[in-house]
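Take a look at the structure set out below.
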Amino acid sequence: MLCGFAAEGQKKFGTVLEMVGLADIPKVWLATEQGSTPLADLLELPDGSGSGAASALPRAIIVAGITEAQLISLMTACKKSGIQNPCGRC
């Protein structure tokens with residue numbers, strides 16, 4: 001589950017996922033208007049939901065179902081690719 005990404009930032013994050021072999025994991029992009037939606041409802045959204053829609057929510061990436069090694073690889077690739085931290089904007 002991801003929020004706070006502009007459409008272009010979503011593409012860049014997709015490239016990062018490819019770099020670390022995680023391109024096939026489900027991705028749900030949360031839109032600005034979903035900021036008050038209960039988490040249980042957000043978890044029910046299908047893969048690809050919100051793709052292409054910009055989000056003004058604070059930047060967050062919530063992952064589950066990957067190994068610790070995959071998580072470390074993802075964080076390293078994000079830093080190397082220039083994806084901004086949760087305080088920034090893509």
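By convention here, the chains of the structure tokens are called A, B, ... in the order presented, each chain's residues are numbered starting at 1, and ligands are numbered starting at 1 in the order presented.
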Out of chain A, which residues get alpha helix (DSSP H) from DSSP, as a PyMOL selection string? chain A and resi 7-19+39-42+68-81
Find the residues around Pro26 of chain A up to 9 Å (only C-alpha atoms counted), leave out those fewer than 4 positions away in its own chain, and share them as a list in words. Met1, Pro46, Asp47 and Gly48 of chain A
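Non-sequential neighbours of Leu17 of chain A (distance at most 10 Å, separation of 4 or more positions within a chain, only C-alpha atoms) are Lys11, Lys12, Phe13, Gly21, Leu22, Ala23, Asp24, Ile25, Ser73, Leu74, Ala77 and Cys78 of chain A.
With atom CA of Glu44 of chain A on one side and atom CA of Gly65 of chain A on the other, the separation reads 15.5 Å.
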Can you tell me which residues surround segment 30-34 of chain A at a distance of at most 6 Å, considering only C-alpha atoms, apart from same-chain residues fewer than 5 positions away, and format the answer as a compact mmCIF listing (two decimals) with N, CA, C and O atoms, in the first residue's frame?
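Wrote around.txt, looks like this:
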# COMPACT_ATOMS: atom_id res chain seq x y z
N CYS A 3 1.10 5.67 -0.51
CA CYS A 3 0.41 6.95 -0.62
C CYS A 3 1.44 8.07 -0.68
O CYS A 3 2.60 7.89 -0.33
N GLY A 50 -5.96 2.85 -7.86
CA GLY A 50 -5.41 4.19 -7.71
C GLY A 50 -4.21 4.50 -8.59
O GLY A 50 -3.68 5.61 -8.54
N SER A 55 -1.50 11.68 -5.28
CA SER A 55 -1.93 11.66 -3.89
C SER A 55 -1.23 12.76 -3.12
O SER A 55 -0.01 12.88 -3.15
N ALA A 56 -2.02 13.56 -2.42
CA ALA A 56 -1.47 14.62 -1.57
C ALA A 56 -1.32 14.15 -0.12
O ALA A 56 -0.99 14.94 0.75
N LEU A 57 -1.57 12.86 0.13
CA LEU A 57 -1.40 12.32 1.47
C LEU A 57 0.09 12.30 1.83
O LEU A 57 0.94 12.32 0.93
Write out as a list of chain:residue names which residues come within 8 Å of Ser51 of chain A when counting only C-alpha atoms, dropping same-chain ones fewer than 3 positions away. A:Ala7, A:Gln10, A:Val28, A:Trp29, A:Gly48
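Reported to one decimal place, the separation of atom CA of Thr37 of chain A from atom CA of Ile66 of chain A is 24.8 Å.
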A:Asp41, A:Met75, A:Ser49, A:Ser36: which is nearest Ile61 of chain A, counting only C-alpha atoms? A:Met75
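Atom pair atom CA of Glu68 of chain A / atom CA of Leu43 of chain A: separated by 21.4 Å.
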